[in-house]
$ cat run-v9.tsv   # TSV, C-alpha atoms and all ligand atoms
chain	number	residue	atom	x	y	z
T	29	MET	CA	26.58	-4.00	-38.47
T	30	ASN	CA	29.79	-3.05	-36.71
T	31	ASN	CA	29.68	-5.17	-33.59
T	32	LYS	CA	32.01	-3.06	-31.55
T	33	LEU	CA	31.23	-0.07	-29.39
T	34	LYS	CA	33.94	2.42	-28.47
T	35	TYR	CA	32.59	2.20	-24.93
T	36	PRO	CA	29.43	0.88	-23.29
T	37	ILE	CA	26.09	2.62	-23.78
T	38	GLY	CA	24.66	3.93	-20.50
T	39	GLY	CA	26.22	4.16	-17.05
T	40	GLU	CA	27.73	7.03	-15.11
T	41	PHE	CA	29.57	9.85	-16.83
T	42	TRP	CA	33.31	10.30	-17.00
T	43	PHE	CA	35.52	13.26	-17.91
T	44	GLN	CA	36.59	14.08	-21.42
T	45	ASP	CA	38.68	16.98	-22.70
T	46	GLU	CA	35.86	18.09	-24.99
T	47	PHE	CA	33.94	19.13	-21.88
T	48	GLN	CA	35.90	22.26	-21.54
T	49	ASP	CA	36.27	25.12	-23.95
T	50	LYS	CA	38.19	28.04	-22.49
T	51	ASP	CA	36.76	30.36	-25.18
T	52	ILE	CA	33.32	29.84	-23.66
T	53	TYR	CA	32.23	31.49	-20.44
T	54	ASN	CA	28.69	30.65	-19.31
T	55	ASN	CA	28.76	32.99	-16.29
T	56	ILE	CA	26.43	30.59	-14.64
T	57	GLU	CA	26.36	32.22	-11.19
T	58	ASN	CA	24.78	35.23	-12.82
T	59	GLU	CA	21.65	33.21	-13.63
T	60	GLY	CA	20.59	32.03	-10.19
T	61	LEU	CA	21.74	30.14	-7.13
T	62	LEU	CA	24.19	27.29	-7.59
T	63	LEU	CA	23.91	24.41	-5.17
T	64	SER	CA	25.41	20.95	-5.30
T	65	GLY	CA	22.54	18.88	-6.74
T	66	GLY	CA	18.79	18.34	-7.04
T	67	GLU	CA	18.50	17.24	-3.43
T	68	SER	CA	20.04	20.46	-2.10
T	69	ALA	CA	17.89	22.47	-4.52
T	70	ILE	CA	14.64	20.93	-3.26
T	71	ARG	CA	15.75	21.40	0.36
T	72	PHE	CA	16.56	25.04	-0.32
T	73	ILE	CA	13.31	25.82	-2.14
T	74	LEU	CA	11.10	24.16	0.46
T	75	ASN	CA	12.99	25.90	3.20
T	76	GLU	CA	12.45	29.27	1.51
T	77	ILE	CA	8.73	28.59	1.12
T	78	SER	CA	8.35	27.45	4.73
T	79	PHE	CA	5.20	25.40	5.39
T	80	GLU	CA	2.66	25.95	8.14
T	81	ASN	CA	1.30	22.89	9.86
T	82	ASP	CA	-1.78	22.27	7.71
T	83	GLU	CA	-0.25	23.34	4.40
T	84	ILE	CA	0.56	20.66	1.86
T	85	ILE	CA	2.57	20.16	-1.28
T	86	LEU	CA	1.08	18.31	-4.26
T	87	LEU	CA	3.39	15.83	-5.95
T	88	PRO	CA	2.90	14.07	-9.30
T	89	SER	CA	2.14	10.34	-9.07
T	90	TYR	CA	4.97	9.77	-11.52
T	91	LEU	CA	8.27	10.92	-10.05
T	92	CYS	CA	11.68	9.92	-8.82
T	93	PRO	CA	10.93	8.24	-5.45
T	94	THR	CA	13.89	9.99	-3.80
T	95	ILE	CA	11.82	13.20	-3.96
T	96	VAL	CA	9.13	11.62	-1.80
T	97	GLU	CA	11.73	10.37	0.68
T	98	LEU	CA	13.16	13.86	0.98
T	99	ILE	CA	9.75	15.47	1.52
T	100	LYS	CA	9.03	12.91	4.24
T	101	LYS	CA	12.37	13.67	5.92
T	102	LEU	CA	11.51	17.35	5.88
T	103	ASN	CA	8.21	16.59	7.60
T	104	ILE	CA	6.16	18.32	4.94
T	105	LYS	CA	2.65	17.02	4.29
T	106	TYR	CA	2.04	15.87	0.73
T	107	LYS	CA	-0.59	14.36	-1.56
T	108	PHE	CA	-0.21	12.90	-5.02
T	109	TYR	CA	-2.05	14.08	-8.10
T	110	ASN	CA	-2.68	11.89	-11.07
T	111	ILE	CA	-0.57	11.64	-14.24
T	112	ASN	CA	-2.10	10.11	-17.37
T	113	LYS	CA	-0.78	7.50	-19.82
T	114	LYS	CA	1.15	10.08	-21.80
T	115	LEU	CA	2.67	11.75	-18.74
T	116	ASP	CA	0.23	14.65	-18.95
T	117	ILE	CA	-0.91	16.23	-15.71
T	118	ASP	CA	-4.49	15.34	-14.74
T	119	ILE	CA	-5.87	18.79	-14.03
T	120	VAL	CA	-9.09	17.53	-12.44
T	121	SER	CA	-7.13	15.57	-9.90
T	122	ILE	CA	-5.25	18.74	-8.88
T	123	GLU	CA	-8.52	20.69	-8.66
T	124	ASN	CA	-10.04	18.03	-6.41
T	125	LEU	CA	-7.08	18.16	-4.06
T	126	ILE	CA	-7.17	21.95	-3.93
T	127	ASN	CA	-10.84	21.80	-2.96
T	128	LYS	CA	-10.09	19.40	-0.17
T	129	TYR	CA	-6.77	20.53	1.30
T	130	ASN	CA	-4.82	23.65	2.11
T	131	VAL	CA	-2.48	23.42	-0.88
T	132	LYS	CA	0.51	25.72	-0.70
T	133	VAL	CA	2.65	24.32	-3.50
T	134	VAL	CA	2.26	22.29	-6.68
T	135	PHE	CA	5.46	20.48	-7.64
T	136	PHE	CA	5.57	19.37	-11.26
T	137	ILE	CA	8.13	17.76	-13.53
T	138	ASP	CA	8.96	18.62	-17.14
T	139	TYR	CA	9.17	14.92	-17.98
T	140	PHE	CA	12.22	13.89	-19.95
T	141	GLY	CA	12.89	17.52	-20.73
T	142	PHE	CA	9.55	18.20	-22.44
T	143	PHE	CA	7.40	21.14	-21.46
T	144	HIS	CA	3.78	20.39	-20.67
T	145	LYS	CA	1.20	21.31	-23.31
T	146	GLU	CA	-0.07	24.87	-23.46
T	147	SER	CA	-3.44	24.20	-21.78
T	148	THR	CA	-1.74	22.50	-18.80
T	149	ARG	CA	0.77	25.30	-18.42
T	150	LYS	CA	-2.04	27.83	-18.51
T	151	PHE	CA	-3.92	25.96	-15.79
T	152	LEU	CA	-0.80	25.79	-13.63
T	153	LYS	CA	0.00	29.47	-14.16
T	154	ASN	CA	-3.54	30.35	-13.05
T	155	LEU	CA	-3.02	28.59	-9.73
T	156	LYS	CA	-1.01	31.63	-8.75
T	157	LEU	CA	-4.27	33.53	-8.50
T	158	LYS	CA	-5.11	31.18	-5.64
T	159	ASN	CA	-1.76	31.95	-4.00
T	160	ILE	CA	-0.41	28.53	-4.85
T	161	LEU	CA	3.29	28.39	-5.61
T	162	LEU	CA	4.76	26.32	-8.44
T	163	ILE	CA	8.00	24.37	-8.19
T	164	GLU	CA	9.11	23.34	-11.65
T	165	ASP	CA	11.44	20.35	-11.65
T	166	ALA	CA	13.40	20.79	-14.88
T	167	VAL	CA	16.00	18.18	-13.90
T	168	GLN	CA	15.40	16.13	-17.04
T	169	LYS	CA	16.03	19.10	-19.29
T	170	PHE	CA	19.48	20.35	-20.26
T	171	TRP	CA	19.72	24.14	-19.66
T	172	ILE	CA	21.87	26.85	-18.11
T	173	LYS	CA	19.57	29.88	-18.09
T	174	TRP	CA	15.94	30.97	-17.82
T	175	GLU	CA	13.85	29.62	-20.69
T	176	LYS	CA	10.75	31.43	-21.87
T	177	LYS	CA	8.47	28.45	-21.25
T	178	PHE	CA	9.43	28.06	-17.60
T	179	ILE	CA	6.45	28.92	-15.41
T	180	GLY	CA	7.64	27.86	-11.95
T	181	ASP	CA	8.03	30.35	-9.14
T	182	TYR	CA	11.12	28.23	-8.59
T	183	VAL	CA	12.82	26.16	-11.28
T	184	PHE	CA	15.77	23.84	-10.73
T	185	ASN	CA	17.94	21.26	-12.47
T	186	SER	CA	20.71	18.79	-11.64
T	187	TYR	CA	23.77	18.67	-13.86
T	188	ARG	CA	24.83	15.19	-12.76
T	189	LYS	CA	22.06	13.82	-14.97
T	190	PHE	CA	23.84	15.20	-18.04
T	191	LEU	CA	27.50	15.66	-17.16
T	192	PRO	CA	30.12	14.41	-14.68
T	193	ILE	CA	29.38	17.54	-12.69
T	194	ASP	CA	27.54	17.92	-9.39
T	195	GLY	CA	25.53	21.07	-9.44
T	196	SER	CA	22.05	22.49	-9.50
T	197	LEU	CA	20.93	25.87	-10.75
T	198	ILE	CA	17.90	27.39	-9.04
T	199	LEU	CA	15.96	30.13	-10.74
T	200	CYS	CA	13.14	32.27	-9.51
T	201	ARG	CA	10.49	34.15	-11.49
T	202	GLU	CA	10.37	37.25	-9.37
T	203	ASN	CA	13.26	39.62	-10.09
T	204	GLU	CA	13.63	40.64	-6.50
T	205	SER	CA	13.85	37.07	-5.22
T	206	LEU	CA	16.16	36.17	-8.07
T	207	ASN	CA	18.59	38.90	-7.04
T	208	ILE	CA	18.56	37.51	-3.51
T	209	LEU	CA	19.27	34.05	-4.89
T	210	LYS	CA	22.20	35.34	-6.95
T	211	LYS	CA	23.64	37.11	-3.94
T	212	LEU	CA	23.65	33.86	-2.01
T	213	ASN	CA	26.28	32.52	-4.41
T	214	SER	CA	28.92	34.75	-2.92
T	215	LEU	CA	27.88	34.42	0.73
T	216	SER	CA	29.10	31.62	2.93
T	217	ARG	CA	25.65	30.71	4.21
T	218	TYR	CA	26.09	27.16	2.92
T	219	LYS	CA	29.08	24.87	2.98
T	220	GLU	CA	30.75	23.94	-0.31
T	221	ALA	CA	30.18	20.31	-1.32
T	222	ASN	CA	33.28	18.35	-0.47
T	223	ASP	CA	31.74	15.58	1.61
T	224	LYS	CA	32.02	11.80	1.39
T	225	TYR	CA	29.61	11.66	-1.55
T	226	PHE	CA	31.63	14.20	-3.45
T	227	LYS	CA	34.95	12.48	-2.77
T	228	PHE	CA	33.70	9.01	-3.73
T	229	MET	CA	32.15	10.42	-6.87
T	230	GLU	CA	35.31	12.29	-7.89
T	231	LYS	CA	37.37	9.16	-7.43
T	232	ALA	CA	34.87	6.96	-9.25
T	233	ARG	CA	34.73	9.36	-12.22
T	234	ASP	CA	38.54	9.55	-12.30
T	235	ILE	CA	38.92	5.78	-12.33
T	236	LYS	CA	36.21	5.42	-14.97
T	237	THR	CA	37.93	8.09	-17.09
T	238	LYS	CA	41.19	6.10	-17.00
T	239	PHE	CA	39.37	2.87	-17.72
T	240	ILE	CA	37.52	4.27	-20.71
T	241	SER	CA	40.28	6.39	-22.21
T	242	GLN	CA	43.38	4.29	-21.44
T	243	ASN	CA	42.01	0.89	-20.55
T	244	ILE	CA	43.64	1.07	-17.11
T	245	GLY	CA	42.04	-0.62	-14.05
T	246	TYR	CA	38.85	-2.60	-13.61
T	247	GLU	CA	35.16	-1.85	-14.03
T	248	ASN	CA	34.39	-3.06	-10.51
T	249	ASP	CA	36.70	-0.46	-8.99
T	250	TYR	CA	34.59	2.42	-10.20
T	251	LEU	CA	31.25	0.64	-9.93
T	252	ASN	CA	31.86	0.08	-6.19
T	253	LEU	CA	32.75	3.71	-5.70
T	254	PHE	CA	29.68	4.94	-7.56
T	255	ASN	CA	27.58	2.73	-5.28
T	256	ARG	CA	29.24	4.06	-2.15
T	257	ALA	CA	28.79	7.61	-3.39
T	258	ASN	CA	25.11	6.97	-3.99
T	259	ILE	CA	24.64	5.69	-0.43
T	260	GLU	CA	26.39	8.77	0.98
T	261	TYR	CA	24.32	11.11	-1.19
T	262	TYR	CA	21.10	10.13	0.53
T	263	LYS	CA	22.66	10.56	3.96
T	264	ARG	CA	23.10	14.27	3.31
T	265	LYS	CA	21.32	16.43	5.83
T	266	ASN	CA	22.12	19.96	4.74
T	267	ILE	CA	21.91	22.28	1.79
T	268	LEU	CA	25.33	22.35	0.12
T	269	LYS	CA	26.78	24.86	-2.28
T	270	ILE	CA	28.31	23.74	-5.56
T	271	ASN	CA	31.94	22.68	-5.34
T	272	LEU	CA	34.13	25.45	-6.78
T	273	LYS	CA	35.93	23.15	-9.18
T	274	HIS	CA	32.59	22.01	-10.58
T	275	LYS	CA	31.39	25.58	-10.91
T	276	ARG	CA	34.42	26.23	-13.05
T	277	TYR	CA	33.60	23.21	-15.21
T	278	LEU	CA	30.07	24.51	-15.69
T	279	ASN	CA	31.31	27.90	-16.77
T	280	HIS	CA	33.40	26.46	-19.57
T	281	PHE	CA	31.35	23.66	-20.98
T	282	PRO	CA	30.07	23.95	-24.56
T	283	ILE	CA	26.36	23.50	-24.01
T	284	ASN	CA	25.33	24.16	-27.61
T	285	LYS	CA	27.63	21.48	-28.95
T	286	PHE	CA	26.21	18.96	-26.50
T	287	ILE	CA	22.62	19.91	-27.22
T	288	LYS	CA	23.24	19.50	-30.94
T	289	ARG	CA	24.59	15.98	-30.47
T	290	ARG	CA	21.60	15.13	-28.31
T	291	GLU	CA	19.18	16.43	-30.98
T	292	GLU	CA	20.87	14.42	-33.71
T	293	ASN	CA	20.72	11.23	-31.66
T	294	TYR	CA	17.11	11.88	-30.66
T	295	SER	CA	16.02	12.47	-34.22
T	296	TYR	CA	17.79	9.32	-35.43
T	297	VAL	CA	16.15	7.15	-32.75
T	298	PHE	CA	12.75	8.69	-33.47
T	299	LYS	CA	12.97	7.84	-37.18
T	300	GLN	CA	14.22	4.34	-36.56
T	301	LEU	CA	11.63	3.34	-33.99
T	302	LYS	CA	8.52	5.24	-35.01
T	303	ASN	CA	7.02	2.39	-37.02
T	304	MET	CA	7.84	-0.38	-34.58
T	305	LYS	CA	4.55	-1.85	-33.34
T	306	LYS	CA	6.09	-3.21	-30.17
T	307	ILE	CA	7.30	0.19	-29.06
T	308	THR	CA	5.19	3.05	-27.74
T	309	PHE	CA	6.58	6.56	-27.57
T	310	LEU	CA	5.80	8.82	-24.65
T	311	ASN	CA	6.87	11.82	-26.66
T	312	GLN	CA	5.07	12.49	-29.93
T	313	THR	CA	7.20	15.13	-31.57
T	314	GLU	CA	10.04	14.41	-33.90
T	315	ASN	CA	11.03	18.04	-33.81
T	316	LEU	CA	12.47	18.98	-30.45
T	317	ASP	CA	11.95	22.78	-30.62
T	318	ASP	CA	12.76	24.08	-27.15
T	319	ASN	CA	12.97	20.67	-25.50
T	320	THR	CA	16.30	19.03	-24.73
T	321	PRO	CA	15.50	15.62	-23.35
T	322	LEU	CA	17.58	13.60	-20.96
T	323	VAL	CA	16.98	10.32	-22.75
T	324	PHE	CA	14.61	8.84	-25.32
T	325	PRO	CA	11.92	7.11	-23.23
T	326	ILE	CA	9.96	4.20	-24.72
T	327	LEU	CA	7.30	1.82	-23.41
T	328	ILE	CA	7.78	-1.81	-24.16
T	329	ASP	CA	6.38	-5.21	-23.04
T	330	ASN	CA	8.79	-7.59	-21.30
T	331	ARG	CA	10.91	-4.61	-20.35
T	332	ASP	CA	13.03	-6.42	-17.77
T	333	CYS	CA	13.97	-9.27	-20.14
T	334	ILE	CA	14.84	-6.84	-22.91
T	335	LYS	CA	16.94	-4.77	-20.55
T	336	LYS	CA	18.82	-7.91	-19.50
T	337	GLU	CA	19.40	-9.03	-23.08
T	338	LEU	CA	20.80	-5.64	-23.99
T	339	MET	CA	23.24	-5.82	-21.08
T	340	LYS	CA	24.89	-8.80	-22.79
T	341	ASN	CA	25.81	-6.32	-25.52
T	342	GLN	CA	27.27	-3.68	-23.22
T	343	ILE	CA	24.09	-1.61	-23.34
T	344	TYR	CA	23.00	-0.56	-19.85
T	345	LEU	CA	19.67	1.21	-19.97
T	346	PRO	CA	18.24	3.08	-17.00
T	347	ILE	CA	14.63	3.03	-15.82
T	348	HIS	CA	13.02	6.35	-14.94
T	349	TRP	CA	11.55	5.32	-12.47
T	350	ASN	CA	10.98	2.07	-10.72
T	351	LEU	CA	7.88	2.68	-8.61
T	352	GLU	CA	6.53	-0.85	-8.35
T	353	ASN	CA	7.46	-1.20	-4.71
T	354	GLU	CA	6.05	2.12	-3.57
T	355	LYS	CA	3.04	1.63	-1.31
T	356	TRP	CA	1.05	4.53	-2.75
T	357	ILE	CA	1.49	3.58	-6.41
T	358	ASN	CA	-1.46	1.17	-6.54
T	359	ASN	CA	-3.82	4.14	-6.45
T	360	PHE	CA	-2.26	5.45	-9.65
T	361	LYS	CA	-2.61	2.79	-12.32
T	362	ASN	CA	-1.28	4.89	-15.21
T	363	SER	CA	1.87	5.72	-13.31
T	364	LEU	CA	2.32	2.10	-12.28
T	365	ASN	CA	1.94	0.92	-15.88
T	366	ILE	CA	4.44	3.42	-17.17
T	367	SER	CA	6.85	2.41	-14.45
T	368	LYS	CA	6.55	-1.28	-15.38
T	369	ASN	CA	7.14	-0.72	-19.09
T	370	ILE	CA	9.40	2.25	-19.44
T	371	LEU	CA	12.94	2.02	-20.74
T	372	SER	CA	15.26	4.98	-21.32
T	373	LEU	CA	17.53	5.07	-24.35
T	374	PRO	CA	20.61	7.26	-23.79
T	375	ILE	CA	21.15	9.90	-26.47
T	376	ASP	CA	23.82	12.03	-24.81
T	377	TRP	CA	27.09	13.60	-25.91
T	378	ARG	CA	29.01	10.35	-25.52
T	379	TYR	CA	27.32	8.75	-28.50
T	380	GLU	CA	27.46	9.26	-32.22
T	381	ILE	CA	24.99	8.04	-34.79
T	382	LYS	CA	26.97	4.81	-35.21
T	383	ASP	CA	26.45	4.05	-31.51
T	384	MET	CA	22.74	4.77	-31.88
T	385	GLU	CA	22.71	2.43	-34.90
T	386	PHE	CA	24.18	-0.30	-32.74
T	387	LEU	CA	21.67	0.32	-29.98
T	388	ILE	CA	18.69	0.26	-32.36
T	389	PHE	CA	20.02	-2.78	-34.22
T	390	LYS	CA	20.33	-4.78	-30.99
T	391	LEU	CA	16.96	-3.63	-29.73
T	392	LYS	CA	15.24	-4.63	-32.98
T	393	GLU	CA	17.09	-7.93	-33.03
T	394	ILE	CA	15.70	-8.79	-29.59
T	395	LEU	CA	12.20	-7.57	-30.43
T	396	ILE	CA	11.79	-9.68	-33.55
T	397	ARG	CA	12.96	-12.91	-31.90
O	401	LIG	C1	12.97	14.51	-11.89
O	401	LIG	C2	13.98	14.51	-10.78
O	401	LIG	N1	13.99	15.53	-9.92
O	401	LIG	C3	14.89	15.60	-8.91
O	401	LIG	C4	15.83	14.61	-8.72
O	401	LIG	C5	16.85	14.76	-7.64
O	401	LIG	O1	18.06	15.17	-8.21
O	401	LIG	P1	19.46	14.72	-7.58
O	401	LIG	O2	19.64	13.28	-7.92
O	401	LIG	O3	20.48	15.61	-8.18
O	401	LIG	O4	19.32	14.93	-6.11
O	401	LIG	C6	15.84	13.53	-9.59
O	401	LIG	C7	16.79	12.44	-9.40
O	401	LIG	O5	16.87	11.47	-10.12
O	401	LIG	C8	14.92	13.48	-10.66
O	401	LIG	O6	14.93	12.47	-11.53

$ encode --input "run-v9.tsv" --output "structure tokens" --more "lines below"
Ligand SMILES: Cc1ncc(COP(=O)(O)O)c(C=O)c1O
Amino acid sequence: MNNKLKYPIGGEFWFQDEFQDKDIYNNIENEGLLLSGGESAIRFILNEISFENDEIILLPSYLCPTIVELIKKLNIKYKFYNINKKLDIDIVSIENLINKYNVKVVFFIDYFGFFHKESTRKFLKNLKLKNILLIEDAVQKFWIKWEKKFIGDYVFNSYRKFLPIDGSLILCRENESLNILKKLNSLSRYKEANDKYFKFMEKARDIKTKFISQNIGYENDYLNLFNRANIEYYKRKNILKINLKHKRYLNHFPINKFIKRREENYSYVFKQLKNMKKITFLNQTENLDDNTPLVFPILIDNRDCIKKELMKNQIYLPIHWNLENEKWINNFKNSLNISKNILSLPIDWRYEIKDMEFLIFKLKEILIR
């Protein structure tokens, strides 16, 4: 086993020339509204929907806790519905809440970039007959245009999960509303993102790029800046438009090339880990079809120790999401268990099969100890 990585596995993204291909033009503003990130997208959508006093939004019990914080800030009433062990939506729990409350919106997540099974999607689509709106959080999926399996009245993403780019594309099912969304791109209703978050992030990515590509500077320089950027991000109060420079990046990035790399890495990891008794998959399919996952999520005992051991080998794995300290989570045992055991294996454009080999080798080495 080659014991050397070209660069660490995991961590924030940096720029690389291969991001841009001037022969490609994605014409991304023609697809929907471009804002500066998931947070702005959620603010925008909830603002468009506009809640009356007794109307509530249903949230999944497994989610990024920053979504809950935002909903609280916006003073919108919410309730959680249940998610099962495999991250499927518990339909009965949604039905019970609808019977009890004045539900205006169901917010759901395409976990790790996977669409929900057909029966769940059918149930959700039928909620429209009850005048319930669907917000589809497709943040963990890599896409730039409407996909045929989207069912949300609103669908959004966040490019910073996949690229060193701050942007979110918001789509809408209804043609008329979609045209209004597209028009908003050219109007100055919202300010362009160029705030403290954006500036810290730009600088951090620049310094990381130099560190990775030329070995100039120190890790701590960019790590501090990423931290400061993160703090500023959650101080944002307004909906912000995408920064123009980042819109340009989005228009010229070779999405198919990146998706292909992701599929190759995913498939390799699947094959290597599928017979490991100590690892449980959340996703069952080896064939990705129309799914383009953010990471390869696994469930594992002693997750925190394993994560720490891997860090000694320059492998920094994220956790999607840490919910153990959330007050409400104790009512949702499946979500709590997933949160305690989940570990995300990066499979993105930065890594080739030999990097995946290294990752799997180290993981297996720790597991058989
Ligand atoms: C599923 C999901 N939705 C929405 C968000 C918010 O996106 P952003 O971080 O761009 O605000 C996140 C953030 O991690 C997320 O994981």

$ closest_atom_pairs --input "run-v9.tsv" --of "chain T" --to "ligand LIG 401 (chain O)" --cutoff "10 Å" --atoms "all atoms listed in the file" --output "CSV"
residue,atom,partner,partner_atom,distance
T:Leu63,CA,O:LIG401,O3,9.9
T:Ser64,CA,O:LIG401,O3,7.8
T:Gly65,CA,O:LIG401,O3,4.1
T:Gly66,CA,O:LIG401,O3,3.4
T:Glu67,CA,O:LIG401,O4,3.6
T:Ser68,CA,O:LIG401,O4,6.9
T:Ala69,CA,O:LIG401,O4,7.8
T:Ile70,CA,O:LIG401,C3,7.8
T:Arg71,CA,O:LIG401,O4,9.8
T:Tyr90,CA,O:LIG401,C1,9.3
T:Leu91,CA,O:LIG401,C1,6.2
T:Cys92,CA,O:LIG401,O6,4.9
T:Pro93,CA,O:LIG401,O5,8.2
T:Thr94,CA,O:LIG401,C7,6.8
T:Ile95,CA,O:LIG401,C3,6.3
T:Val96,CA,O:LIG401,C3,10.0
T:Leu98,CA,O:LIG401,C5,9.4
T:Phe136,CA,O:LIG401,C1,8.9
T:Ile137,CA,O:LIG401,C1,6.1
T:Asp138,CA,O:LIG401,C1,7.8
T:Tyr139,CA,O:LIG401,C1,7.2
T:Phe140,CA,O:LIG401,C1,8.1
T:Gly141,CA,O:LIG401,C1,9.3
T:Glu164,CA,O:LIG401,N1,9.4
T:Asp165,CA,O:LIG401,N1,5.7
T:Ala166,CA,O:LIG401,C1,7.0
T:Val167,CA,O:LIG401,C1,5.2
T:Gln168,CA,O:LIG401,C1,5.9
T:Lys169,CA,O:LIG401,C1,9.2
T:Phe184,CA,O:LIG401,C3,8.5
T:Asn185,CA,O:LIG401,C3,7.3
T:Ser186,CA,O:LIG401,O3,4.7
T:Tyr187,CA,O:LIG401,O3,7.2
T:Arg188,CA,O:LIG401,O3,6.3
T:Lys189,CA,O:LIG401,O3,7.2
T:Asp194,CA,O:LIG401,O3,7.5
T:Gly195,CA,O:LIG401,O3,7.5
T:Ser196,CA,O:LIG401,O3,7.2
T:Asn258,CA,O:LIG401,O2,9.2
T:Tyr261,CA,O:LIG401,O4,8.0
T:Tyr262,CA,O:LIG401,O4,8.4
T:Leu322,CA,O:LIG401,O6,9.9
T:His348,CA,O:LIG401,O6,7.3
T:Trp349,CA,O:LIG401,O6,8.0

$ write_last_selection --input "run-v9.tsv" --atoms "C-alpha atoms" --output "PDB file, keeping the file's coordinate frame"
ATOM      1  CA  LEU T  63      23.910  24.410  -5.170  1.00  0.00           C
ATOM      2  CA  SER T  64      25.410  20.950  -5.300  1.00  0.00           C
ATOM      3  CA  GLY T  65      22.540  18.880  -6.740  1.00  0.00           C
ATOM      4  CA  GLY T  66      18.790  18.340  -7.040  1.00  0.00           C
ATOM      5  CA  GLU T  67      18.500  17.240  -3.430  1.00  0.00           C
ATOM      6  CA  SER T  68      20.040  20.460  -2.100  1.00  0.00           C
ATOM      7  CA  ALA T  69      17.890  22.470  -4.520  1.00  0.00           C
ATOM      8  CA  ILE T  70      14.640  20.930  -3.260  1.00  0.00           C
ATOM      9  CA  ARG T  71      15.750  21.400   0.360  1.00  0.00           C
ATOM     10  CA  TYR T  90       4.970   9.770 -11.520  1.00  0.00           C
ATOM     11  CA  LEU T  91       8.270  10.920 -10.050  1.00  0.00           C
ATOM     12  CA  CYS T  92      11.680   9.920  -8.820  1.00  0.00           C
ATOM     13  CA  PRO T  93      10.930   8.240  -5.450  1.00  0.00           C
ATOM     14  CA  THR T  94      13.890   9.990  -3.800  1.00  0.00           C
ATOM     15  CA  ILE T  95      11.820  13.200  -3.960  1.00  0.00           C
ATOM     16  CA  VAL T  96       9.130  11.620  -1.800  1.00  0.00           C
ATOM     17  CA  LEU T  98      13.160  13.860   0.980  1.00  0.00           C
ATOM     18  CA  PHE T 136       5.570  19.370 -11.260  1.00  0.00           C
ATOM     19  CA  ILE T 137       8.130  17.760 -13.530  1.00  0.00           C
ATOM     20  CA  ASP T 138       8.960  18.620 -17.140  1.00  0.00           C
ATOM     21  CA  TYR T 139       9.170  14.920 -17.980  1.00  0.00           C
ATOM     22  CA  PHE T 140      12.220  13.890 -19.950  1.00  0.00           C
ATOM     23  CA  GLY T 141      12.890  17.520 -20.730  1.00  0.00           C
ATOM     24  CA  GLU T 164       9.110  23.340 -11.650  1.00  0.00           C
ATOM     25  CA  ASP T 165      11.440  20.350 -11.650  1.00  0.00           C
ATOM     26  CA  ALA T 166      13.400  20.790 -14.880  1.00  0.00           C
ATOM     27  CA  VAL T 167      16.000  18.180 -13.900  1.00  0.00           C
ATOM     28  CA  GLN T 168      15.400  16.130 -17.040  1.00  0.00           C
ATOM     29  CA  LYS T 169      16.030  19.100 -19.290  1.00  0.00           C
ATOM     30  CA  PHE T 184      15.770  23.840 -10.730  1.00  0.00           C
ATOM     31  CA  ASN T 185      17.940  21.260 -12.470  1.00  0.00           C
ATOM     32  CA  SER T 186      20.710  18.790 -11.640  1.00  0.00           C
ATOM     33  CA  TYR T 187      23.770  18.670 -13.860  1.00  0.00           C
ATOM     34  CA  ARG T 188      24.830  15.190 -12.760  1.00  0.00           C
ATOM     35  CA  LYS T 189      22.060  13.820 -14.970  1.00  0.00           C
ATOM     36  CA  ASP T 194      27.540  17.920  -9.390  1.00  0.00           C
ATOM     37  CA  GLY T 195      25.530  21.070  -9.440  1.00  0.00           C
ATOM     38  CA  SER T 196      22.050  22.490  -9.500  1.00  0.00           C
ATOM     39  CA  ASN T 258      25.110   6.970  -3.990  1.00  0.00           C
ATOM     40  CA  TYR T 261      24.320  11.110  -1.190  1.00  0.00           C
ATOM     41  CA  TYR T 262      21.100  10.130   0.530  1.00  0.00           C
ATOM     42  CA  LEU T 322      17.580  13.600 -20.960  1.00  0.00           C
ATOM     43  CA  HIS T 348      13.020   6.350 -14.940  1.00  0.00           C
ATOM     44  CA  TRP T 349      11.550   5.320 -12.470  1.00  0.00           C
TER      45      TRP T 349
END

$ closest_residue --input "run-v9.tsv" --among "T:Lys336, T:Lys390, T:Lys361, T:Arg397" --to "T:Ile111" --atoms "only C-alpha atoms"
T:Lys361

$ residues_around --input "run-v9.tsv" --residues "T:Tyr225" --least-positions-apart "4" --cutoff "12 Å" --atoms "only C-alpha atoms" --output "PyMOL selection string"
chain T and resi 64-65+194+221+229-232+253-264+268+271

$ write_last_selection --input "run-v9.tsv" --atoms "C-alpha atoms" --output "compact mmCIF listing (two decimals), in the frame of the given file"
# COMPACT_ATOMS: atom_id res chain seq x y z
CA SER T 64 25.41 20.95 -5.30
CA GLY T 65 22.54 18.88 -6.74
CA ASP T 194 27.54 17.92 -9.39
CA ALA T 221 30.18 20.31 -1.32
CA MET T 229 32.15 10.42 -6.87
CA GLU T 230 35.31 12.29 -7.89
CA LYS T 231 37.37 9.16 -7.43
CA ALA T 232 34.87 6.96 -9.25
CA LEU T 253 32.75 3.71 -5.70
CA PHE T 254 29.68 4.94 -7.56
CA ASN T 255 27.58 2.73 -5.28
CA ARG T 256 29.24 4.06 -2.15
CA ALA T 257 28.79 7.61 -3.39
CA ASN T 258 25.11 6.97 -3.99
CA ILE T 259 24.64 5.69 -0.43
CA GLU T 260 26.39 8.77 0.98
CA TYR T 261 24.32 11.11 -1.19
CA TYR T 262 21.10 10.13 0.53
CA LYS T 263 22.66 10.56 3.96
CA ARG T 264 23.10 14.27 3.31
CA LEU T 268 25.33 22.35 0.12
CA ASN T 271 31.94 22.68 -5.34

$ decode --input "run-v9.tsv" --residues "stretch 354-358 of chain T" --atoms "C-alpha atoms" --output "compact mmCIF listing (two decimals), in the first residue's frame"
# COMPACT_ATOMS: atom_id res chain seq x y z
CA GLU T 354 -30.32 18.67 20.22
CA LYS T 355 -33.07 18.75 22.83
CA TRP T 356 -35.75 17.29 20.57
CA ILE T 357 -33.70 14.34 19.31
CA ASN T 358 -34.55 12.03 22.22
